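Asker: Please find data.txt (compact mmCIF, C-alpha atoms) on the next line:
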```
# COMPACT_ATOMS: atom_id res chain seq x y z
CA MET A 951 -27.63 -6.84 24.24
CA PHE A 952 -30.44 -5.49 26.44
CA VAL A 953 -28.18 -3.63 28.90
CA ALA A 954 -25.86 -2.56 26.09
CA SER A 955 -28.67 -1.06 24.03
CA ARG A 956 -30.04 0.76 27.10
CA ASP A 957 -26.57 2.18 27.73
CA LEU A 958 -26.26 3.38 24.14
CA ARG A 959 -29.54 5.26 24.42
CA ALA A 960 -28.95 6.60 27.94
CA ALA A 961 -25.40 7.87 27.34
CA ARG A 962 -25.68 9.27 23.83
CA GLY A 963 -23.10 11.98 24.42
CA ARG A 964 -20.36 9.63 25.60
CA PHE A 965 -20.91 7.14 22.82
CA ALA A 966 -21.16 9.93 20.25
CA LEU A 967 -17.77 11.18 21.43
CA ILE A 968 -16.04 7.81 21.10
CA SER A 969 -17.80 7.25 17.76
CA VAL A 970 -16.37 10.54 16.45
CA VAL A 971 -12.91 9.45 17.60
CA VAL A 972 -13.33 6.11 15.77
CA VAL A 973 -14.53 7.96 12.65
CA LEU A 974 -11.44 10.19 12.67
CA ILE A 975 -9.07 7.25 13.21
CA ALA A 976 -10.74 5.26 10.42
CA LEU A 977 -10.55 8.31 8.15
CA LEU A 978 -6.83 8.77 8.86
CA VAL A 979 -6.00 5.08 8.46
CA THR A 980 -7.90 4.79 5.17
CA PHE A 981 -6.36 7.95 3.75
CA LEU A 982 -2.89 6.89 4.81
CA SER A 983 -3.40 3.38 3.39
CA GLY A 984 -4.59 4.83 0.08
CA LEU A 985 -1.71 7.30 -0.02
CA THR A 986 0.84 4.58 0.81
CA ALA A 987 -0.54 2.37 -1.96
CA GLY A 988 -0.61 5.31 -4.37
CA LEU A 989 3.00 6.29 -3.69
CA ARG A 990 4.07 2.67 -3.95
CA HIS A 991 2.32 2.37 -7.33
CA GLN A 992 4.05 5.49 -8.63
CA ASN A 993 7.38 4.09 -7.49
CA VAL A 994 7.40 0.46 -8.61
CA SER A 995 4.61 -0.25 -11.10
CA VAL A 996 7.09 -0.40 -14.01
CA VAL A 997 9.14 -3.02 -12.15
CA GLU A 998 5.98 -4.94 -11.25
CA ARG A 999 5.43 -5.44 -14.98
CA ILE A 1000 8.58 -7.58 -15.24
CA ASP A 1001 7.63 -11.21 -15.85
CA ALA A 1002 10.61 -13.28 -14.70
CA GLU A 1003 12.01 -15.38 -11.88
CA SER A 1004 14.66 -12.81 -11.04
CA VAL A 1005 16.01 -9.39 -11.96
CA VAL A 1006 19.75 -9.16 -12.67
CA PHE A 1007 21.73 -5.99 -11.90
CA ALA A 1008 25.33 -5.01 -12.49
CA ALA A 1009 27.27 -5.80 -9.30
CA SER A 1010 27.98 -2.83 -7.03
CA ASP A 1011 29.57 -2.37 -3.62
CA ASP A 1012 26.56 -0.30 -2.59
CA GLY A 1013 24.05 -2.97 -3.61
CA PRO A 1014 21.78 -3.19 -6.65
CA SER A 1015 20.35 0.06 -7.97
CA PHE A 1016 18.23 0.82 -11.01
CA ASP A 1017 19.79 4.28 -11.19
CA GLU A 1018 23.37 2.96 -11.28
CA SER A 1019 23.19 -0.45 -12.96
CA VAL A 1020 24.71 -0.54 -16.45
CA LEU A 1021 25.00 -3.96 -18.09
CA THR A 1022 27.39 -4.56 -20.97
CA SER A 1023 26.80 -6.74 -24.01
CA GLU A 1024 29.33 -9.23 -22.63
CA GLN A 1025 27.39 -9.60 -19.37
CA VAL A 1026 24.18 -10.14 -21.30
CA ALA A 1027 25.91 -12.80 -23.43
CA VAL A 1028 27.09 -14.69 -20.33
CA TRP A 1029 23.52 -14.88 -19.05
CA ARG A 1030 22.15 -15.92 -22.44
CA ARG A 1031 24.49 -18.95 -22.42
CA SER A 1032 23.34 -20.08 -18.96
CA ALA A 1033 19.72 -19.06 -18.37
CA ASP A 1034 16.55 -20.41 -19.92
CA SER A 1035 15.18 -16.96 -20.75
CA VAL A 1036 16.93 -13.60 -20.75
CA ARG A 1037 15.16 -10.32 -21.55
CA PRO A 1038 17.29 -7.13 -21.40
CA ILE A 1039 15.34 -4.16 -20.03
CA GLY A 1040 16.45 -0.55 -19.96
CA VAL A 1041 15.18 1.81 -17.27
CA GLY A 1042 16.12 5.46 -17.02
CA ARG A 1043 14.89 9.00 -16.79
CA GLY A 1044 14.52 11.50 -19.56
CA SER A 1045 12.15 13.99 -21.08
CA ALA A 1046 9.48 13.80 -23.73
CA SER A 1047 7.17 16.26 -25.39
CA ALA A 1048 4.29 16.37 -27.76
CA VAL A 1049 5.29 17.78 -31.12
CA GLY A 1050 5.56 21.52 -30.53
CA GLY A 1051 4.81 21.12 -26.80
CA ALA A 1052 6.83 21.62 -23.63
CA ALA A 1053 9.17 18.88 -22.45
CA LYS A 1054 8.03 16.81 -19.46
CA GLY A 1055 10.05 14.51 -17.23
CA VAL A 1056 9.29 10.84 -17.86
CA ALA A 1057 10.67 7.38 -17.18
CA LEU A 1058 12.08 5.82 -20.35
CA VAL A 1059 11.69 2.04 -20.35
CA GLY A 1060 13.12 -0.06 -23.17
CA ALA A 1061 12.06 -3.67 -23.65
CA ASP A 1062 11.43 -6.13 -26.46
CA GLY A 1063 9.62 -8.59 -24.19
CA GLY A 1064 9.26 -9.80 -20.62
CA VAL A 1065 6.92 -6.96 -19.64
CA GLY A 1066 3.54 -8.23 -20.83
CA ASP A 1067 1.81 -6.08 -23.42
CA ARG A 1068 3.93 -2.99 -22.78
CA ALA A 1069 6.71 -3.75 -25.27
CA PRO A 1070 6.30 -1.78 -28.55
CA SER A 1071 6.03 -3.89 -31.66
CA ALA A 1072 8.38 -1.88 -33.90
CA PRO A 1073 11.22 0.64 -33.71
CA GLY A 1074 10.13 4.26 -33.87
CA THR A 1075 7.00 3.58 -31.81
CA VAL A 1076 6.21 4.03 -28.13
CA ILE A 1077 3.49 2.94 -25.72
CA LEU A 1078 2.52 5.47 -23.07
CA GLY A 1079 1.16 4.90 -19.61
CA ALA A 1080 -1.97 6.88 -18.80
CA GLY A 1081 0.07 9.27 -16.62
CA ALA A 1082 2.49 10.05 -19.44
CA ALA A 1083 -0.35 10.55 -21.91
CA ARG A 1084 -2.06 13.01 -19.56
CA SER A 1085 1.18 14.86 -18.85
CA LEU A 1086 2.08 15.21 -22.53
CA GLY A 1087 -1.48 15.80 -23.68
CA VAL A 1088 -1.42 13.12 -26.38
CA VAL A 1089 -3.47 10.10 -27.40
CA ALA A 1090 -2.83 7.00 -29.50
CA GLY A 1091 -1.94 8.06 -33.05
CA ASP A 1092 -0.13 11.25 -32.03
CA ARG A 1093 3.62 11.74 -32.18
CA VAL A 1094 6.02 12.57 -29.36
CA THR A 1095 9.63 13.67 -29.24
CA VAL A 1096 12.14 11.89 -27.00
CA GLY A 1097 15.65 13.30 -27.16
CA ASP A 1098 16.45 13.99 -30.81
CA SER A 1099 13.97 11.45 -32.21
CA THR A 1100 10.24 11.48 -32.91
CA PHE A 1101 8.06 8.47 -32.18
CA ALA A 1102 4.54 7.41 -33.05
CA VAL A 1103 2.28 6.66 -30.08
CA THR A 1104 0.75 3.28 -30.90
CA ALA A 1105 -1.22 2.83 -27.67
CA VAL A 1106 -1.96 4.14 -24.19
CA ARG A 1107 -1.98 1.20 -21.76
CA GLY A 1108 -2.19 0.97 -18.00
CA ASP A 1109 -0.84 3.61 -15.66
CA ASP A 1110 2.81 2.66 -15.16
CA TRP A 1111 5.31 4.73 -13.21
CA TYR A 1112 8.93 4.48 -12.14
CA GLY A 1113 10.32 6.62 -9.33
CA HIS A 1114 7.26 8.93 -9.50
CA SER A 1115 7.78 9.56 -13.22
CA PRO A 1116 5.19 8.37 -15.78
CA ALA A 1117 6.41 5.62 -18.08
CA VAL A 1118 7.15 5.81 -21.79
CA TRP A 1119 7.75 2.31 -23.19
CA MET A 1120 10.00 1.95 -26.25
CA THR A 1121 11.99 -0.79 -27.97
CA LEU A 1122 15.33 -1.66 -26.42
CA ALA A 1123 17.26 -0.33 -29.44
CA ASP A 1124 15.44 3.02 -29.24
CA TRP A 1125 16.10 3.16 -25.51
CA GLN A 1126 19.80 2.48 -26.03
CA HIS A 1127 19.91 5.43 -28.44
CA ALA A 1128 18.06 7.73 -26.01
CA ASN A 1129 19.77 6.59 -22.80
CA PRO A 1130 22.60 8.95 -21.75
CA ARG A 1131 24.23 6.35 -19.44
CA GLY A 1132 24.99 3.93 -22.27
CA GLY A 1133 25.18 0.18 -21.86
CA ALA A 1134 23.20 -2.67 -23.36
CA ALA A 1135 20.55 -2.64 -20.62
CA THR A 1136 19.86 -1.63 -17.04
CA VAL A 1137 18.67 -5.03 -15.82
CA LEU A 1138 17.85 -8.47 -17.16
CA ALA A 1139 14.55 -10.29 -16.67
CA VAL A 1140 15.81 -13.83 -16.20
CA SER A 1141 14.35 -17.30 -15.78
CA GLY A 1142 16.99 -19.87 -14.84
CA GLY A 1143 20.64 -19.25 -14.10
CA ASP A 1144 22.36 -19.43 -10.72
CA ASP A 1145 24.98 -17.86 -8.48
CA ALA A 1146 27.76 -19.21 -10.69
CA THR A 1147 26.36 -17.19 -13.58
CA ASN A 1148 26.34 -14.08 -11.40
CA ALA A 1149 29.98 -14.69 -10.48
CA ALA A 1150 30.99 -15.22 -14.11
CA ALA A 1151 29.13 -12.15 -15.36
CA GLY A 1152 29.87 -9.79 -12.46
CA THR A 1153 26.20 -9.34 -11.65
CA THR A 1154 23.79 -9.80 -8.77
CA SER A 1155 20.23 -11.14 -8.81
CA ARG A 1156 17.09 -10.31 -6.88
CA SER A 1157 13.52 -11.55 -7.08
CA VAL A 1158 11.11 -9.10 -8.69
CA ALA A 1159 9.61 -8.21 -5.30
CA ASP A 1160 13.04 -7.77 -3.67
CA SER A 1161 14.19 -5.57 -6.54
CA PHE A 1162 11.79 -2.83 -5.42
CA SER A 1163 14.35 -1.80 -2.80
CA ALA A 1164 16.77 -1.01 -5.65
CA ILE A 1165 14.64 2.06 -6.42
CA GLY A 1166 16.19 4.87 -4.42
CA SER A 1167 13.20 6.28 -2.54
CA TYR A 1168 11.16 3.10 -2.16
CA THR A 1169 12.46 1.70 1.12
CA SER A 1170 12.45 4.92 3.15
CA GLU A 1171 9.19 6.21 1.72
CA ASN A 1172 7.21 2.99 1.96
CA GLY A 1173 8.71 2.07 5.33
CA SER A 1174 7.83 5.41 6.92
CA LEU A 1175 4.23 5.40 5.72
CA THR A 1176 3.74 1.76 6.70
CA LEU A 1177 5.08 2.51 10.19
CA MET A 1178 2.65 5.42 10.54
CA THR A 1179 -0.25 3.19 9.51
CA VAL A 1180 0.74 0.49 12.02
CA MET A 1181 1.00 3.12 14.76
CA LEU A 1182 -2.50 4.37 13.94
CA PHE A 1183 -3.81 0.81 14.23
CA ALA A 1184 -2.15 0.49 17.65
CA ILE A 1185 -3.54 3.86 18.75
CA SER A 1186 -7.04 2.82 17.72
CA ALA A 1187 -6.82 -0.30 19.90
CA LEU A 1188 -5.53 1.74 22.84
CA VAL A 1189 -8.19 4.44 22.49
CA ILE A 1190 -11.05 1.95 22.23
CA GLY A 1191 -9.63 -0.09 25.10
CA ALA A 1192 -9.20 2.97 27.32
CA PHE A 1193 -12.74 4.17 26.65
CA PHE A 1194 -14.33 0.83 27.47
CA THR A 1195 -12.09 0.39 30.50
CA VAL A 1196 -13.41 3.62 32.00
CA TRP A 1197 -16.93 2.87 30.89
CA THR A 1198 -17.04 -0.65 32.31
CA LEU A 1199 -15.50 0.47 35.61
CA GLN A 1200 -18.31 3.03 35.92
CA ARG A 1201 -20.78 0.20 35.36
CA THR A 1202 -19.27 -2.01 38.07
CA PRO A 1203 -22.28 -1.75 40.43
CA ASP A 1204 -24.68 -2.58 37.58
CA VAL A 1205 -22.55 -5.52 36.47
CA ALA A 1206 -22.31 -6.82 40.05
CA THR A 1207 -26.07 -6.57 40.43
CA LEU A 1208 -26.64 -8.53 37.24
CA LYS A 1209 -24.22 -11.22 38.40
CA ALA A 1210 -25.99 -11.38 41.77
CA LEU A 1211 -29.27 -11.90 39.93
CA GLY A 1212 -27.76 -14.84 38.04
CA ALA A 1213 -26.33 -13.36 34.85
CA SER A 1214 -23.39 -15.39 33.61
CA THR A 1215 -20.00 -13.82 32.98
CA GLY A 1216 -20.17 -14.99 29.37
CA SER A 1217 -23.47 -13.21 28.76
CA LEU A 1218 -22.09 -9.96 30.25
CA VAL A 1219 -18.97 -10.20 28.08
CA ARG A 1220 -21.07 -10.77 24.96
CA ASP A 1221 -23.28 -7.82 25.95
CA ALA A 1222 -20.30 -5.48 26.35
CA LEU A 1223 -18.52 -6.68 23.19
CA GLY A 1224 -21.76 -6.30 21.25
CA GLN A 1225 -21.92 -2.71 22.45
CA ALA A 1226 -18.32 -2.14 21.34
CA LEU A 1227 -19.04 -3.77 17.96
CA VAL A 1228 -21.97 -1.41 17.33
CA VAL A 1229 -19.78 1.62 18.06
CA LEU A 1230 -16.92 0.30 15.94
CA LEU A 1231 -19.04 -0.66 12.94
CA ALA A 1232 -20.77 2.72 12.94
CA GLY A 1233 -17.58 4.74 13.40
CA VAL A 1234 -15.39 2.73 11.03
CA GLY A 1235 -18.15 2.58 8.41
CA VAL A 1236 -18.59 6.35 8.38
CA GLY A 1237 -14.84 7.00 8.45
CA VAL A 1238 -13.95 4.58 5.65
CA GLY A 1239 -16.96 5.68 3.59
CA THR A 1240 -15.96 9.33 3.91
CA ALA A 1241 -12.36 8.54 2.93
CA ALA A 1242 -13.53 6.48 -0.05
CA VAL A 1243 -15.75 9.31 -1.33
CA ALA A 1244 -12.98 11.86 -0.85
CA GLY A 1245 -10.41 9.55 -2.47
CA SER A 1246 -12.58 9.08 -5.54
CA MET A 1247 -12.80 12.86 -5.93
CA ILE A 1248 -9.08 13.59 -5.50
CA GLY A 1249 -8.25 12.71 -9.09
CA ASP A 1250 -4.61 13.39 -9.95
CA ALA A 1251 -4.01 15.87 -7.12
CA VAL A 1252 -2.21 13.23 -5.03
CA PRO A 1253 -1.31 9.59 -5.72
CA PHE A 1254 -4.17 7.65 -4.14
CA VAL A 1255 -5.28 4.05 -4.66
CA LEU A 1256 -8.86 3.14 -3.80
CA ASP A 1257 -9.42 -0.62 -3.66
CA ILE A 1258 -10.15 -3.45 -1.23
CA SER A 1259 -6.64 -3.33 0.24
CA THR A 1260 -7.04 0.34 1.23
CA THR A 1261 -10.65 0.24 2.41
CA VAL A 1262 -12.03 -3.17 3.42
CA LEU A 1263 -8.79 -4.53 4.90
CA PRO A 1264 -8.05 -1.46 7.09
CA ALA A 1265 -11.69 -1.36 8.20
CA THR A 1266 -11.59 -5.02 9.19
CA ALA A 1267 -8.32 -4.52 11.05
CA LEU A 1268 -9.69 -1.49 12.92
CA VAL A 1269 -12.81 -3.36 14.02
CA GLY A 1270 -10.75 -6.39 15.09
CA LEU A 1271 -8.21 -4.32 17.04
CA GLY A 1272 -10.99 -2.26 18.61
CA LEU A 1273 -12.74 -5.42 19.81
CA LEU A 1274 -9.42 -6.69 21.14
CA GLY A 1275 -8.95 -3.50 23.14
CA ALA A 1276 -12.52 -3.66 24.42
CA ALA A 1277 -12.09 -7.32 25.40
CA PHE A 1278 -8.98 -6.47 27.41
CA ALA A 1279 -10.99 -3.81 29.24
CA LEU A 1280 -13.56 -6.41 30.32
CA ARG A 1281 -11.17 -8.58 32.30
CA PHE A 1282 -12.65 -7.29 35.60
CA LEU A 1283 -15.94 -9.04 34.79
CA PHE A 1284 -14.29 -12.33 35.70
CA THR A 1285 -13.30 -11.10 39.17
CA THR A 1286 -16.19 -8.85 40.20
CA ASP A 1287 -17.81 -10.07 43.42
CA PRO A 1288 -21.62 -10.01 43.04
CA LEU A 1289 -21.94 -9.47 46.81
CA THR A 1290 -20.73 -5.90 46.33
CA ALA A 1291 -24.16 -5.18 44.87
CA LEU A 1292 -25.68 -6.17 48.22
CA GLY A 1293 -23.43 -3.82 50.19
CA SER A 1294 -21.31 -6.51 51.85
CA THR A 1295 -18.12 -4.51 51.40
CA ARG A 1296 -19.48 -1.19 52.62
```
Once you've parsed the file, please lay out its structure as structure tokens.
Answerer:
Amino acid sequence: MFVASRDLRAARGRFALISVVVVLIALLVTFLSGLTAGLRHQNVSVVERIDAESVVFAASDDGPSFDESVLTSEQVAVWRRSADSVRPIGVGRGSASAVGGAAKGVALVGADGGVGDRAPSAPGTVILGAGAARSLGVVAGDRVTVGDSTFAVTAVRGDDWYGHSPAVWMTLADWQHANPRGGAATVLAVSGGDDATNAAAGTTSRSVADSFSAIGSYTSENGSLTLMTVMLFAISALVIGAFFTVWTLQRTPDVATLKALGASTGSLVRDALGQALVVLLAGVGVGVGTAAVAGSMIGDAVPFVLDISTTVLPATALVGLGLLGAAFALRFLFTTDPLTALGSTR
């Protein structure tokens, strides 16, 4: 690292420039990762609560859809005869309000089980996600109005959303009363059963993870943001690689001299990669740190998730891809003729 450290001190301006570029890329990647995770959470967190082997939808020519699936009592009965566990779940959109307050758009989710601790214990009660509680301005013990009925808020748990609407959890019977589409349920949380049951009931099954695509905006929204993140990762590798390609080419006479004096190719590669690692760690650290601080201050302004998957993992990927780009730029070290330092080619 002797030559590398001398370079860092001698060419402060150049390394400051590439460091700023790395900071900006890390900032963009971290923000985009946090935003992608936040939008995903606000789209599918209700569905993620389903505890089952598969999610059963009413069959449709256009594929499964939470917004269109309507299961009848007969379809539910067919599954109850064949599967080990069947939990009907209702999912829909509606409005709710605090008593005397303005109505707010919410996701109405009806379940008597199969969703962890989110199922209300008695009719006439609801459990609110943190987002719904904030939107309605209520706390546990207050009362809210959904449709033409009033419910007691027994608890505020988690921060569940469906299709970017905050969740209001109610019993299945209360949901059936409030749901304008009718039907016994939207989907079934099922353990057991098979394709023959689907054929007999006129339904289709998906795993819980695969059922995310049955939410209208999930695939296009998540796919677009993920593609942008991947492109930023690729750009970071190209930018770092291009910088170190130019930089190492400018150092060709110095590298040739060192090789002529007996320096091994391996030691020169380690020297250059160590230099790249210093730049990457400094730039990525500042960029991710800045994004983390900003993300923690955003609050509810935008959906943003700040955790290991949106900070540490992107930072590690950026450093790894940056080193890969820098390593590709060092390929000339294996072919440089040390005699060029002695003027043999002049």
Asker: Between A:Thr1154, A:Thr986, A:Ser969, A:Ser1004, which is the closest to A:Glu1171 once you count all atoms listed in the file?
Answerer: A:Thr986
Asker: Neighbouring residues of A:Pro1130 were defined as those with any atom within 10 Å, considering all atoms listed in the file; residues of the same chain fewer than 3 positions away were excluded. Please report them as a VMD selection string.
Answerer: chain A and resid 1042 to 1044 1097 1125 to 1127 1133
Asker: Would you pick out the contacts of stretch 1021-1038 of chain A at 7 Å or less, using only C-alpha atoms, so that residues sharing its chain but fewer than 2 positions from it are not included, and give the list as a PyMOL selection string?
Answerer: chain A and resi 1008+1019+1040+1061+1063-1064+1133-1143+1147+1151
Asker: Rank nothing, just name the residue among A:Leu974, A:Val1006, A:Val1096, A:Ala1123 nearest to A:Asp1062, using only C-alpha atoms.
Answerer: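 Closest to A:Asp1062, using only C-alpha atoms: A:Ala1123.
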Asker: Using all atoms listed in the file, can you tell me which of A:Thr1207, A:Gln1200, A:Ser1186, A:Ser1085 comes closest to A:Val973?
Answerer: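 Checking each candidate against A:Val973, we get A:Ser1186 as the closest.
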Asker: To one decimal in Å, tell me the separation between atom CA of A:Leu1078 and atom CA of A:Ala1105.
Answerer: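 Between atom CA of A:Leu1078 and atom CA of A:Ala1105 the gap is 6.5 Å.
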Asker: So what do you get for atom CA of A:Ala1146 versus atom CA of A:Ser1015, distance-wise?
Answerer: 20.8 Å
Asker: Neighbouring residues of A:Val1262 were defined as those with any atom within 12 Å, considering all atoms listed in the file; residues of the same chain fewer than 2 positions away were excluded. Please report them as a list of chain:residue names.
Answerer: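 Here the answer would be A:Ala976, A:Val979, A:Thr980, A:Ser983, A:Gly984, A:Val1234, A:Gly1235, A:Gly1237, A:Val1238, A:Gly1239, A:Ala1241, A:Ala1242, A:Leu1256, A:Asp1257, A:Ile1258, A:Ser1259, A:Thr1260, A:Pro1264, A:Ala1265, A:Thr1266, A:Ala1267, A:Leu1268, A:Val1269.
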Asker: Would you compute the distance between atom CA of A:Met1181 and atom CA of A:Ala1276? Give it in Å to one decimal.
Answerer: 17.9 Å
Asker: Between A:Tyr1112, A:Lys1054, A:Thr1104, A:Thr1121, which residue has the minimum interatomic distance to A:Ile1039, considering all atoms listed in the file?
Answerer: A:Thr1121
Asker: Could you check which of A:Gly1152, A:Gly1087, A:Gly1270, A:Pro1116 is closest to A:Ala1187, using only C-alpha atoms?
Answerer: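 Counting only C-alpha atoms, the residue closest to A:Ala1187 is A:Gly1270.
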Asker: Hey, which of A:Phe965, A:Phe1278, A:Phe1007, A:Phe1016 ends up closest to A:Val1219? Count only C-alpha atoms.
Answerer: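 Between A:Phe965, A:Phe1278, A:Phe1007, A:Phe1016, the residue approaching A:Val1219 most closely is A:Phe1278.
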Asker: Compute the distance from (7.1, 2.8, -16.6) to each atom, counting only C-alpha atoms, keep the residues with any atom at most 9 Å away, and return them as a compact mmCIF listing (two decimals) with C-alpha atoms, keeping the file's coordinate frame; use the coordinates of the file.
Answerer:
```
# COMPACT_ATOMS: atom_id res chain seq x y z
CA GLN A 992 4.05 5.49 -8.63
CA VAL A 994 7.40 0.46 -8.61
CA SER A 995 4.61 -0.25 -11.10
CA VAL A 996 7.09 -0.40 -14.01
CA VAL A 997 9.14 -3.02 -12.15
CA ARG A 999 5.43 -5.44 -14.98
CA VAL A 1041 15.18 1.81 -17.27
CA VAL A 1056 9.29 10.84 -17.86
CA ALA A 1057 10.67 7.38 -17.18
CA LEU A 1058 12.08 5.82 -20.35
CA VAL A 1059 11.69 2.04 -20.35
CA LEU A 1078 2.52 5.47 -23.07
CA GLY A 1079 1.16 4.90 -19.61
CA ASP A 1109 -0.84 3.61 -15.66
CA ASP A 1110 2.81 2.66 -15.16
CA TRP A 1111 5.31 4.73 -13.21
CA TYR A 1112 8.93 4.48 -12.14
CA GLY A 1113 10.32 6.62 -9.33
CA SER A 1115 7.78 9.56 -13.22
CA PRO A 1116 5.19 8.37 -15.78
CA ALA A 1117 6.41 5.62 -18.08
CA VAL A 1118 7.15 5.81 -21.79
CA TRP A 1119 7.75 2.31 -23.19
```
Asker: Dump as a VMD selection string all residues having an atom at most 12 Å from (4.6, 1.0, -35.0), computed in the file's coordinates with all atoms listed in the file.
Answerer: chain A and resid 1069 to 1077 1090 to 1093 1101 to 1105 1120 to 1121
